[in-house]
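Below is final15.txt, which holds compact mmCIF, C-alpha atoms.
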# COMPACT_ATOMS: atom_id res chain seq x y z
CA MET I 1 -75.19 262.96 118.25
CA LYS I 2 -72.25 260.60 118.25
CA VAL I 3 -71.59 259.15 121.67
CA LEU I 4 -68.57 257.36 123.06
CA LEU I 5 -68.85 255.16 126.15
CA ILE I 6 -65.91 254.57 128.40
CA GLU I 7 -66.98 251.91 130.86
CA ASP I 8 -65.37 248.63 131.88
CA GLU I 9 -68.36 246.87 133.36
CA LEU I 10 -70.17 245.14 130.56
CA PRO I 11 -73.66 245.06 132.08
CA ALA I 12 -73.36 248.74 133.07
CA ALA I 13 -72.33 249.70 129.55
CA LYS I 14 -75.18 247.71 128.04
CA GLN I 15 -77.70 249.29 130.31
CA LEU I 16 -76.41 252.80 129.74
CA SER I 17 -76.54 252.47 125.98
CA LYS I 18 -80.00 250.93 126.20
CA MET I 19 -81.28 253.79 128.36
CA LEU I 20 -79.62 256.39 126.17
CA LEU I 21 -81.04 255.07 122.95
CA ALA I 22 -84.46 254.69 124.53
CA GLN I 23 -84.43 258.38 125.47
CA ARG I 24 -82.63 259.63 122.39
CA PRO I 25 -83.11 257.26 119.46
CA ASP I 26 -81.24 259.66 117.21
CA PHE I 27 -78.05 259.19 119.19
CA SER I 28 -75.55 256.64 118.00
CA ILE I 29 -73.11 254.83 120.22
CA LEU I 30 -69.87 254.83 118.30
CA GLU I 31 -67.96 252.50 120.59
CA THR I 32 -67.71 251.17 124.12
CA LEU I 33 -64.18 251.18 125.44
CA ASP I 34 -63.13 249.63 128.71
CA SER I 35 -59.57 250.79 129.29
CA VAL I 36 -57.38 253.89 129.27
CA GLU I 37 -55.22 252.23 126.67
CA GLY I 38 -58.17 251.43 124.44
CA ALA I 39 -59.70 254.89 124.81
CA VAL I 40 -56.47 256.70 124.01
CA ARG I 41 -55.92 254.56 120.95
CA TRP I 42 -59.45 255.18 119.74
CA LEU I 43 -59.37 258.93 120.36
CA ARG I 44 -56.12 259.26 118.45
CA ALA I 45 -57.41 257.26 115.49
CA PHE I 46 -60.88 258.68 115.07
CA PRO I 47 -62.45 262.15 115.01
CA SER I 48 -63.80 263.38 118.30
CA PRO I 49 -67.26 262.23 119.33
CA ASP I 50 -69.93 264.73 120.24
CA LEU I 51 -70.37 263.40 123.75
CA ILE I 52 -68.52 261.08 126.07
CA PHE I 53 -69.93 259.09 128.97
CA MET I 54 -67.15 258.04 131.23
CA ASP I 55 -66.71 255.94 134.33
CA ILE I 56 -63.80 256.90 136.59
CA GLN I 57 -62.51 253.50 137.60
CA ILE I 58 -61.90 251.47 134.49
CA ALA I 59 -59.96 248.34 133.67
CA ASP I 60 -56.41 249.65 133.72
CA GLY I 61 -56.70 252.67 135.94
CA LEU I 62 -58.46 255.99 136.31
CA SER I 63 -60.10 257.42 133.23
CA PHE I 64 -58.60 260.81 134.01
CA ASP I 65 -55.35 259.40 132.67
CA ILE I 66 -56.91 259.56 129.21
CA PHE I 67 -56.84 263.36 129.37
CA ARG I 68 -53.13 263.27 130.13
CA GLN I 69 -52.41 261.44 126.94
CA VAL I 70 -54.84 262.90 124.45
CA THR I 71 -56.71 266.18 124.04
CA VAL I 72 -60.42 265.77 124.47
CA THR I 73 -62.71 268.46 123.17
CA ALA I 74 -66.04 266.72 123.58
CA PRO I 75 -68.05 267.26 126.78
CA VAL I 76 -67.76 264.46 129.31
CA ILE I 77 -70.49 263.12 131.57
CA LEU I 78 -69.67 260.95 134.59
CA PRO I 79 -72.80 258.89 135.10
CA ARG I 80 -71.67 257.06 138.21
CA LEU I 81 -69.77 258.82 140.89
CA LEU I 82 -68.91 256.46 143.70
CA THR I 83 -68.12 258.05 146.99
CA ASN I 84 -65.66 256.52 149.39
CA MET I 85 -63.31 255.28 146.73
CA ARG I 86 -59.96 254.45 148.22
CA CYS I 87 -57.06 253.93 145.90
CA LYS I 88 -53.36 254.56 145.95
CA PRO I 89 -52.36 256.54 142.88
CA SER I 90 -48.95 255.93 141.41
CA ARG I 91 -47.27 259.29 141.43
CA MET N 1 -24.94 221.51 152.83
CA THR N 2 -23.08 224.15 154.78
CA GLN N 3 -21.36 223.11 157.97
CA LYS N 4 -23.56 223.80 160.95
CA CYS N 5 -21.78 225.58 163.73
CA PHE N 6 -21.99 224.48 167.34
CA ARG N 7 -24.71 226.96 168.10
CA ASP N 8 -26.91 225.73 165.29
CA VAL N 9 -26.79 222.16 166.45
CA THR N 10 -27.01 222.54 170.21
CA GLY N 11 -28.93 225.77 170.41
CA PHE N 12 -26.45 227.70 172.49
CA ASP N 13 -23.06 229.31 172.29
CA ASP N 14 -20.78 227.70 174.83
CA ARG N 15 -17.96 230.23 174.65
CA TRP N 16 -18.62 231.65 178.08
CA VAL N 17 -19.22 228.24 179.56
CA MET N 18 -15.76 227.28 178.41
CA ILE N 19 -14.05 230.52 179.33
CA ILE N 20 -15.30 230.24 182.89
CA GLY N 21 -15.62 226.50 183.17
CA LEU N 22 -12.32 225.36 181.76
CA PRO N 23 -10.04 227.16 184.24
CA LEU N 24 -12.40 226.30 187.08
CA ALA N 25 -12.55 222.64 186.18
CA SER N 26 -8.84 222.33 185.62
CA MET N 27 -8.13 223.93 188.98
CA MET N 28 -10.47 221.47 190.64
CA ILE N 29 -8.89 218.58 188.80
CA SER N 30 -5.46 219.65 189.86
CA LEU N 31 -6.63 219.94 193.45
CA LEU N 32 -8.13 216.50 193.33
CA LEU N 33 -5.28 214.77 191.60
CA PHE N 34 -2.30 216.57 193.01
CA ASN N 35 -3.60 217.17 196.48
CA ASP N 36 -0.42 216.01 198.14
CA TYR N 37 1.72 218.49 196.25
CA TYR N 38 -0.50 221.33 197.38
CA GLU N 39 -0.17 220.18 200.95
CA GLU N 40 3.56 219.87 200.61
CA GLY N 41 3.70 223.28 199.15
CA ASN N 42 5.74 221.85 196.37
CA TRP N 43 5.51 224.74 193.98
CA ALA N 44 8.06 223.36 191.61
CA PHE N 45 5.86 220.41 190.91
CA LEU N 46 2.77 222.48 190.90
CA SER N 47 4.20 224.74 188.21
CA VAL N 48 4.17 221.67 186.04
CA CYS N 49 1.07 220.02 187.38
CA ILE N 50 -1.27 222.96 187.03
CA PRO N 51 -0.64 223.43 183.31
CA MET N 52 -0.84 219.67 183.02
CA SER N 53 -4.27 219.70 184.62
CA PHE N 54 -5.28 222.40 182.27
CA ILE N 55 -4.22 220.34 179.30
CA TYR N 56 -5.82 217.27 180.83
CA THR N 57 -9.14 219.01 181.43
CA GLY N 58 -8.95 220.78 178.12
CA ALA N 59 -8.36 217.54 176.27
CA PHE N 60 -11.40 215.98 177.89
CA TRP N 61 -13.52 219.04 177.39
CA PHE N 62 -12.73 219.51 173.74
CA VAL N 63 -13.08 215.90 172.76
CA LEU N 64 -16.33 215.54 174.68
CA ARG N 65 -17.57 218.80 173.26
CA TRP N 66 -16.78 217.68 169.73
CA THR N 67 -18.45 214.34 170.44
CA TYR N 68 -21.50 216.15 171.82
CA TYR N 69 -21.70 218.24 168.68
CA LYS N 70 -21.52 215.17 166.43
CA VAL N 71 -23.91 213.17 168.56
CA LYS N 72 -26.42 216.02 168.78
CA LEU N 73 -26.24 216.38 165.03
CA ARG N 74 -27.10 212.73 164.64
CA TYR N 75 -29.66 212.49 167.46
CA PRO N 76 -31.07 215.98 167.98
CA LEU N 77 -34.29 215.11 169.74
CA PHE N 78 -34.64 215.28 173.47
CA ARG N 79 -35.93 211.73 173.75
CA ASP N 80 -32.69 210.41 172.22
CA ILE N 81 -30.84 211.48 175.32
CA SER N 82 -29.97 207.88 176.22
CA LYS N 83 -28.27 207.42 172.86
CA ARG N 84 -26.32 210.60 173.32
CA VAL N 85 -25.28 209.66 176.85
CA PHE N 86 -24.11 206.27 175.61
CA TRP N 87 -21.86 207.81 173.00
CA MET N 88 -20.58 210.42 175.41
CA LEU N 89 -19.59 207.73 177.91
CA LEU N 90 -17.87 205.80 175.17
CA ALA N 91 -16.01 208.92 174.17
CA PHE N 92 -15.13 209.58 177.79
CA VAL N 93 -13.55 206.17 178.21
CA ALA N 94 -11.64 206.57 174.96
CA VAL N 95 -10.33 209.98 175.96
CA PHE N 96 -9.47 208.76 179.43
CA VAL N 97 -7.35 205.97 178.10
CA VAL N 98 -5.60 208.06 175.47
CA VAL N 99 -5.04 211.11 177.66
CA ASN N 100 -3.84 209.06 180.56
CA PHE N 101 -1.41 207.17 178.45
CA SER N 102 -0.04 210.31 176.82
CA LEU N 103 0.19 212.21 180.06
CA ASP N 104 1.86 209.30 181.79
CA VAL N 105 4.48 209.30 179.11
CA LEU N 106 4.83 213.04 179.35
CA PHE N 107 5.00 212.99 183.12
CA SER N 108 7.64 210.33 183.27
CA TRP N 109 9.63 212.25 180.72
CA LEU N 110 9.36 215.59 182.49
CA ILE N 111 9.59 214.35 186.05
CA PRO N 112 11.41 211.05 185.89
CA GLU N 113 12.13 210.91 189.59
CA HIS N 114 8.64 211.24 190.78
CA HIS N 115 6.96 208.09 189.70
CA ALA N 116 4.08 208.93 191.94
CA THR N 117 1.46 209.40 189.31
CA PRO N 118 -1.91 210.06 190.83
CA ASN N 119 -4.03 207.15 191.85
CA LEU N 120 -5.70 205.79 188.72
CA ALA N 121 -8.95 205.11 190.50
CA ILE N 122 -9.15 208.62 191.88
CA GLU N 123 -8.29 209.95 188.48
CA PHE N 124 -11.01 207.94 186.82
CA VAL N 125 -13.68 208.93 189.30
CA ALA N 126 -12.62 212.56 189.33
CA SER N 127 -12.57 212.77 185.55
CA LEU N 128 -15.87 210.94 185.29
CA ILE N 129 -17.55 213.29 187.72
CA MET N 130 -16.16 216.37 186.02
CA SER N 131 -17.13 215.10 182.58
CA ALA N 132 -20.56 214.08 183.74
CA LEU N 133 -21.01 217.55 185.19
CA VAL N 134 -19.98 219.22 181.98
CA ILE N 135 -22.17 216.96 179.86
CA THR N 136 -25.10 217.62 182.16
CA ILE N 137 -24.59 221.35 181.87
CA TYR N 138 -24.48 221.10 178.09
CA GLU N 139 -27.56 218.92 177.89
CA ALA N 140 -29.43 221.17 180.29
CA LEU N 141 -28.56 224.33 178.37
CA SER N 142 -29.49 222.74 175.09
CA PHE N 143 -32.76 221.44 176.46
CA TYR N 144 -33.71 224.75 178.03
CA LEU N 145 -33.00 226.67 174.86
CA GLN N 146 -34.86 224.16 172.71
CA LEU N 147 -37.81 224.46 175.06
CA GLU N 148 -37.72 228.25 174.91
CA HIS N 149 -37.60 228.09 171.15
CA ALA N 150 -40.53 225.70 170.99
CA VAL N 151 -42.63 227.88 173.28
CA ALA N 152 -41.89 230.97 171.19
CA GLU N 153 -42.71 229.11 167.99
CA LYS N 154 -45.98 227.90 169.47
CA ALA N 155 -46.94 231.42 170.47
CA ARG N 156 -46.08 232.71 167.03
CA LEU N 157 -48.14 230.04 165.28
CA GLU N 158 -51.06 230.64 167.62
CA GLN N 159 -50.91 234.29 166.75
CA LYS N 160 -50.82 233.46 163.05
CA ASN N 161 -53.77 231.15 163.50
CA ILE N 162 -55.84 233.82 165.18
CA GLU N 163 -54.88 236.34 162.53
CA SER N 164 -55.82 234.08 159.68
CA GLN N 165 -59.07 233.09 161.36
CA LEU N 166 -59.81 236.77 161.59
CA GLU N 167 -58.81 237.25 157.99
CA GLY N 168 -60.97 234.31 157.04
CA LEU N 169 -63.90 235.91 158.78
CA ARG N 170 -63.18 239.17 157.05
CA ASN N 171 -63.12 237.38 153.74
CA GLN N 172 -66.56 235.99 154.27
CA VAL N 173 -68.10 239.39 154.49
CA ASN N 174 -65.64 240.96 152.11
CA PRO N 175 -67.70 243.97 151.10
CA HIS N 176 -66.02 244.35 147.77
CA PHE N 177 -67.01 240.99 146.42
CA LEU N 178 -70.61 241.45 147.47
CA PHE N 179 -70.61 245.02 146.26
CA ASN N 180 -69.33 244.07 142.83
CA SER N 181 -71.71 241.16 142.53
CA LEU N 182 -74.71 243.30 143.40
CA ASN N 183 -73.50 245.95 141.00
CA THR N 184 -73.47 243.41 138.24
CA LEU N 185 -76.85 242.11 139.33
CA VAL N 186 -78.50 245.50 139.31
CA TYR N 187 -77.75 245.85 135.63
CA LEU N 188 -78.64 242.28 134.87
CA ILE N 189 -82.18 242.34 136.26
CA PRO N 190 -83.79 244.64 133.68
CA GLU N 191 -81.49 243.38 130.92
CA ASP N 192 -81.93 239.66 131.23
CA PRO N 193 -84.17 238.56 134.09
CA ASP N 194 -83.57 234.85 133.53
CA LYS N 195 -79.87 235.33 133.72
CA ALA N 196 -80.34 237.51 136.76
CA VAL N 197 -82.09 234.62 138.49
CA ARG N 198 -79.25 232.27 137.60
CA PHE N 199 -76.82 234.87 138.83
CA VAL N 200 -78.52 235.09 142.22
CA GLN N 201 -78.59 231.29 142.45
CA GLN N 202 -74.86 231.11 141.86
CA LEU N 203 -74.26 233.93 144.31
CA SER N 204 -76.15 232.09 147.01
CA LYS N 205 -74.20 228.91 146.21
CA VAL N 206 -71.03 230.85 146.79
CA TYR N 207 -72.16 232.16 150.16
CA ARG N 208 -73.48 228.79 151.23
CA TYR N 209 -70.05 227.32 150.57
CA VAL N 210 -68.43 230.13 152.50
CA LEU N 211 -70.65 229.37 155.50
CA GLU N 212 -70.21 225.61 155.31
CA SER N 213 -66.46 225.70 154.94
CA ARG N 214 -65.92 228.24 157.67
CA GLU N 215 -65.14 225.69 160.36
CA ALA N 216 -63.14 223.33 158.20
CA LYS N 217 -59.36 223.50 158.10
CA ILE N 218 -59.24 221.59 154.84
CA ILE N 219 -61.90 220.74 152.30
CA PRO N 220 -62.07 218.02 149.60
CA LEU N 221 -60.70 219.32 146.33
CA GLN N 222 -63.90 218.42 144.49
CA GLU N 223 -65.99 220.64 146.74
CA GLU N 224 -63.73 223.63 146.33
CA MET N 225 -63.80 223.16 142.55
CA GLU N 226 -67.61 222.99 142.57
CA PHE N 227 -67.64 226.27 144.48
CA LEU N 228 -65.13 227.69 142.05
CA LYS N 229 -67.45 227.06 139.12
CA SER N 230 -70.15 229.19 140.74
CA TYR N 231 -67.65 231.86 141.65
CA ILE N 232 -66.29 232.01 138.10
CA PHE N 233 -69.82 232.25 136.70
CA LEU N 234 -70.27 235.43 138.69
CA LEU N 235 -66.91 236.78 137.57
CA LYS N 236 -67.62 236.00 133.95
CA GLU N 237 -70.87 237.90 134.15
CA ARG N 238 -68.96 240.91 135.35
CA PHE N 239 -66.04 240.77 132.95
CA GLY N 240 -67.48 239.01 129.94
CA ASP N 241 -65.03 237.67 127.47
CA ASN N 242 -62.19 239.72 128.90
CA LEU N 243 -61.74 237.10 131.59
CA ARG N 244 -60.97 233.61 130.43
CA VAL N 245 -60.70 230.77 132.87
CA ASN N 246 -59.53 227.33 131.83
CA ILE N 247 -59.98 224.65 134.43
CA HIS N 248 -58.16 221.54 133.32
CA ASP N 249 -59.33 218.15 134.40
CA LEU N 250 -57.84 217.58 137.79
CA ASN N 251 -58.51 213.84 137.96
CA GLY N 252 -58.78 214.41 141.66
CA ALA N 253 -58.17 211.23 143.50
CA SER N 254 -60.39 210.80 146.52
CA GLY N 255 -58.55 212.05 149.54
CA SER N 256 -57.21 215.16 147.84
CA ALA N 257 -57.93 218.26 149.84
CA ILE N 258 -56.99 221.90 150.01
CA VAL N 259 -57.52 224.79 152.35
CA PRO N 260 -61.06 226.14 151.83
CA LEU N 261 -61.50 229.37 149.93
CA SER N 262 -57.85 229.44 148.89
CA MET N 263 -58.99 229.41 145.25
CA GLN N 264 -61.32 232.29 145.94
CA LEU N 265 -58.54 234.30 147.51
CA LEU N 266 -56.22 233.62 144.60
CA PHE N 267 -58.80 234.71 142.05
CA GLU N 268 -59.64 237.78 144.07
CA ASN N 269 -55.94 238.59 144.16
CA VAL N 270 -55.57 238.13 140.43
CA ILE N 271 -58.51 240.41 139.67
CA LYS N 272 -57.41 243.05 142.11
CA HIS N 273 -53.90 243.35 140.72
CA ASN N 274 -54.34 242.80 137.00
CA VAL N 275 -55.79 244.73 134.13
CA ILE N 276 -58.81 243.02 132.56
CA SER N 277 -59.94 244.80 129.41
CA THR N 278 -60.74 244.20 125.75
CA GLU N 279 -57.26 245.41 124.90
CA LYS N 280 -55.77 243.14 127.51
CA PRO N 281 -57.85 240.09 128.30
CA LEU N 282 -56.82 238.02 131.27
CA THR N 283 -56.50 234.27 131.06
CA VAL N 284 -56.34 232.12 134.16
CA GLU N 285 -55.27 228.51 133.92
CA VAL N 286 -56.09 226.06 136.68
CA TYR N 287 -54.46 222.65 136.57
CA ALA N 288 -52.89 219.98 138.73
CA GLU N 289 -49.20 219.19 138.56
CA HIS N 290 -47.13 216.92 140.82
CA ASP N 291 -49.55 217.08 143.72
CA HIS N 292 -49.82 220.83 143.48
CA LEU N 293 -52.79 222.85 142.33
CA VAL N 294 -51.54 225.49 139.95
CA VAL N 295 -53.24 228.80 139.27
CA ARG N 296 -51.53 230.75 136.55
CA ASN N 297 -52.46 234.01 134.88
CA ASN N 298 -50.82 236.20 132.29
CA LEU N 299 -49.32 239.10 134.15
CA GLN N 300 -50.61 242.56 133.39
CA ARG N 301 -50.27 244.58 136.54
CA LYS N 302 -52.47 247.54 137.32
CA ASN N 303 -50.71 250.76 138.22
CA GLN N 304 -53.06 251.63 141.00
CA VAL N 305 -54.46 248.87 143.14
CA MET N 306 -57.77 249.57 144.79
CA ASP N 307 -57.95 248.82 148.45
CA SER N 308 -55.14 246.30 148.63
CA THR N 309 -54.51 244.91 152.07
CA GLY N 310 -51.60 242.81 150.83
CA VAL N 311 -52.66 240.05 153.18
CA GLY N 312 -54.20 237.63 150.70
CA LEU N 313 -51.23 235.43 149.88
CA ASP N 314 -49.85 235.59 153.41
CA ASN N 315 -53.16 234.37 154.72
CA ILE N 316 -53.09 231.38 152.40
CA ARG N 317 -49.50 230.62 153.28
CA ALA N 318 -50.21 230.70 156.99
CA ARG N 319 -53.21 228.40 156.70
CA TYR N 320 -51.28 225.91 154.59
CA GLN N 321 -48.34 226.02 156.95
CA MET N 322 -50.57 224.71 159.69
CA MET N 323 -51.77 221.79 157.61
CA THR N 324 -48.73 220.58 155.72
CA ASP N 325 -44.96 220.84 155.43
CA LYS N 326 -45.22 221.55 151.73
CA SER N 327 -45.07 225.23 150.95
CA VAL N 328 -47.15 227.53 148.80
CA ASP N 329 -44.94 228.64 145.92
CA VAL N 330 -45.30 231.82 143.93
CA ILE N 331 -43.48 232.16 140.64
CA VAL N 332 -43.38 235.55 138.98
CA SER N 333 -42.03 235.71 135.46
CA ARG N 334 -42.32 238.52 132.97
CA GLU N 335 -45.29 236.88 131.36
CA TYR N 336 -47.00 234.88 134.05
CA PHE N 337 -47.94 234.96 137.67
CA THR N 338 -48.17 231.45 139.06
CA VAL N 339 -49.23 230.16 142.44
CA LEU N 340 -48.73 226.54 143.41
CA LEU N 341 -50.95 225.26 146.21
CA PRO N 342 -49.99 221.96 147.79
CA ILE N 343 -52.65 219.29 147.53
CA ILE N 344 -53.08 217.68 150.91
CA ASN N 345 -53.58 213.95 150.93
CA VAL N 346 -55.85 212.98 153.78
CA ASN N 347 -55.07 209.33 153.37
CA ASN N 348 -51.64 209.80 154.89

Using the file provided, produce a representation of the structure as structure tokens.
Amino acid sequence: MKVLLIEDELPAAKQLSKMLLAQRPDFSILETLDSVEGAVRWLRAFPSPDLIFMDIQIADGLSFDIFRQVTVTAPVILPRLLTNMRCKPSR
Amino acid sequence: MTQKCFRDVTGFDDRWVMIIGLPLASMMISLLLFNDYYEEGNWAFLSVCIPMSFIYTGAFWFVLRWTYYKVKLRYPLFRDISKRVFWMLLAFVAVFVVVNFSLDVLFSWLIPEHHATPNLAIEFVASLIMSALVITIYEALSFYLQLEHAVAEKARLEQKNIESQLEGLRNQVNPHFLFNSLNTLVYLIPEDPDKAVRFVQQLSKVYRYVLESREAKIIPLQEEMEFLKSYIFLLKERFGDNLRVNIHDLNGASGSAIVPLSMQLLFENVIKHNVISTEKPLTVEVYAEHDHLVVRNNLQRKNQVMDSTGVGLDNIRARYQMMTDKSVDVIVSREYFTVLLPIINVNN
């Protein structure tokens, strides 16, 4: 199973990949990307991963913006859902 | 430098004073000087004398007013009143001599028969009293308005002070900073326990500084920079190599001070508003230049800013305004965002 991580906090990404590989040693983490820009570029350049772990608030905005720019077919898991997030979206 | 108008220099607009005062004063002058003609009912004379009084009073008023403007420009402070009064009296004497001479000439030309020019002594006293009255009114108005202005300014600054104290307090328990630090910590503990310990030590250093500097209005530059090192350690742990901070040697002379936690606020601001990613790493330069502390970062604005109160820079500005005349400057170019904090010299 090829996994893509979209997470901007380094320690969080490291821990997630560590936990994942501990549970599923056969998984491989293709890449850890920390921005919308980076993720879009990667997804356009490479074939789709089998699974994506994604954080909502990443370096340059909300990860949902990735879906506006590129078609994602792989299933997406949001490991950390923070409640009470207040942000002003740019419409 | 643009020409300051009367109102700028004296603090009030004397249009109405003149509109009401000039006719009033000239009528009084004419009554005082040409009393006999009034009693005689000599309207022929009066038709000349009344305009004459008007011109007479007007001449005094305008010259003294102009002198007041010039003198107030030169000596604006209330305690210089003696200097102003001196110059006004000088001007009064000058005007008296000139006006009298000219009007004498004019009088003798217009009314050659009547050589009865008003008694010079009465004229002098009357003019002096009128002028003194006018000068007093001007000084009083100016003083009152200056006082009002000062009181309003004081109230405004007090308000600002309270607001920034409140903001300062809010900053100390800024939930976001603590939240983010603990978030980083929670991942660090199982990953790298030794580093986690160091992280907690730096975090406690940061909060100790926050507590210690709470009362202080300014803090030695060295101490703030020491704090900054701990603060940046925490940030670096969170952002890794995507955040680069270069602190240039400040060769801080003893006696250099800044407002406490201003660096923290600036960094917080930078992180809140800029993208920090592998694609777009952020570099912050900290250096000293011409008795300013400069914090500069490459500008890469976020589209959506989380929880921005917009108060950060204003808070810093207000706190600096209370300590020094030098201002906090912000320079925004296409590439960089730069903030210049004045370095306060406590030796002055």

Residues of chain N within 8 Å of chain I, counting all atoms listed in the file, what are they? List them as a PyMOL selection string. chain N and resi 184+187-188+191+237-240+274-279+302-307

For atom CA of Arg301 of chain N and atom CA of Tyr336 of chain N, determine how far apart the two atoms are, in Å to one decimal place. 10.5 Å

Under the rule that all atoms listed in the file are counted, which of I:Ala45, I:Arg80, I:Asp55, I:Val40 is the nearest residue to Arg68 of chain I?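 Of I:Ala45, I:Arg80, I:Asp55, I:Val40, the one nearest Arg68 of chain I, counting all atoms listed in the file, is I:Val40.
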
Of the candidates I:Lys2, I:Leu78, I:Ser28, I:Met19, which shows the shortest atom-to-atom distance to Asp50 of chain I, using all atoms listed in the file?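 Looking at the shortest contact to Asp50 of chain I, the residue is I:Lys2.
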
So, with only C-alpha atoms as the atoms that count, which of I:Glu31, I:Ile56, I:Trp42, I:Pro25 lies closest to Val76 of chain I?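 Looking at the shortest contact to Val76 of chain I, the residue is I:Ile56.
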
In Å, rounded to a single decimal, give me how far atom CA of Leu340 of chain N is from atom CA of Arg214 of chain N.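 Rounded to one decimal, the two atoms are 22.4 Å apart.
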
Selected segment 18-31 of chain I, written as a compact mmCIF listing (two decimals), in the first residue's frame, N, CA, C and O atoms:
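What follows is the written file selection-v6.txt:
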# COMPACT_ATOMS: atom_id res chain seq x y z
N LYS I 18 5.71 6.68 11.74
CA LYS I 18 6.26 5.66 12.64
C LYS I 18 5.17 4.68 13.08
O LYS I 18 5.33 3.46 13.01
N MET I 19 4.03 5.26 13.51
CA MET I 19 2.91 4.44 13.98
C MET I 19 2.38 3.56 12.85
O MET I 19 2.10 2.37 13.04
N LEU I 20 2.27 4.16 11.68
CA LEU I 20 1.72 3.45 10.52
C LEU I 20 2.58 2.26 10.15
O LEU I 20 2.09 1.14 9.98
N LEU I 21 3.87 2.51 10.07
CA LEU I 21 4.79 1.44 9.67
C LEU I 21 4.91 0.39 10.75
O LEU I 21 5.17 -0.78 10.46
N ALA I 22 4.71 0.79 12.00
CA ALA I 22 4.73 -0.19 13.09
C ALA I 22 3.54 -1.15 12.95
O ALA I 22 3.66 -2.35 13.15
N GLN I 23 2.38 -0.58 12.59
CA GLN I 23 1.18 -1.39 12.45
C GLN I 23 1.17 -2.16 11.13
O GLN I 23 0.70 -3.30 11.06
N ARG I 24 1.60 -1.50 10.09
CA ARG I 24 1.57 -2.09 8.75
C ARG I 24 2.94 -1.98 8.11
O ARG I 24 3.18 -1.06 7.32
N PRO I 25 3.83 -2.89 8.41
CA PRO I 25 5.20 -2.78 7.87
C PRO I 25 5.25 -2.86 6.35
O PRO I 25 6.20 -2.40 5.74
N ASP I 26 4.16 -3.41 5.76
CA ASP I 26 4.17 -3.55 4.31
C ASP I 26 3.81 -2.23 3.60
O ASP I 26 4.00 -2.10 2.40
N PHE I 27 3.32 -1.29 4.37
CA PHE I 27 3.01 0.01 3.77
C PHE I 27 4.31 0.74 3.45
O PHE I 27 5.33 0.54 4.10
N SER I 28 4.23 1.60 2.45
CA SER I 28 5.39 2.47 2.22
C SER I 28 4.91 3.92 2.13
O SER I 28 3.92 4.22 1.46
N ILE I 29 5.63 4.76 2.82
CA ILE I 29 5.31 6.19 2.78
C ILE I 29 6.03 6.78 1.58
O ILE I 29 7.26 6.84 1.55
N LEU I 30 5.26 7.17 0.59
CA LEU I 30 5.89 7.71 -0.62
C LEU I 30 6.54 9.06 -0.35
O LEU I 30 7.66 9.33 -0.77
N GLU I 31 5.79 9.91 0.33
CA GLU I 31 6.27 11.29 0.51
C GLU I 31 5.48 11.95 1.62
O GLU I 31 4.33 11.58 1.86
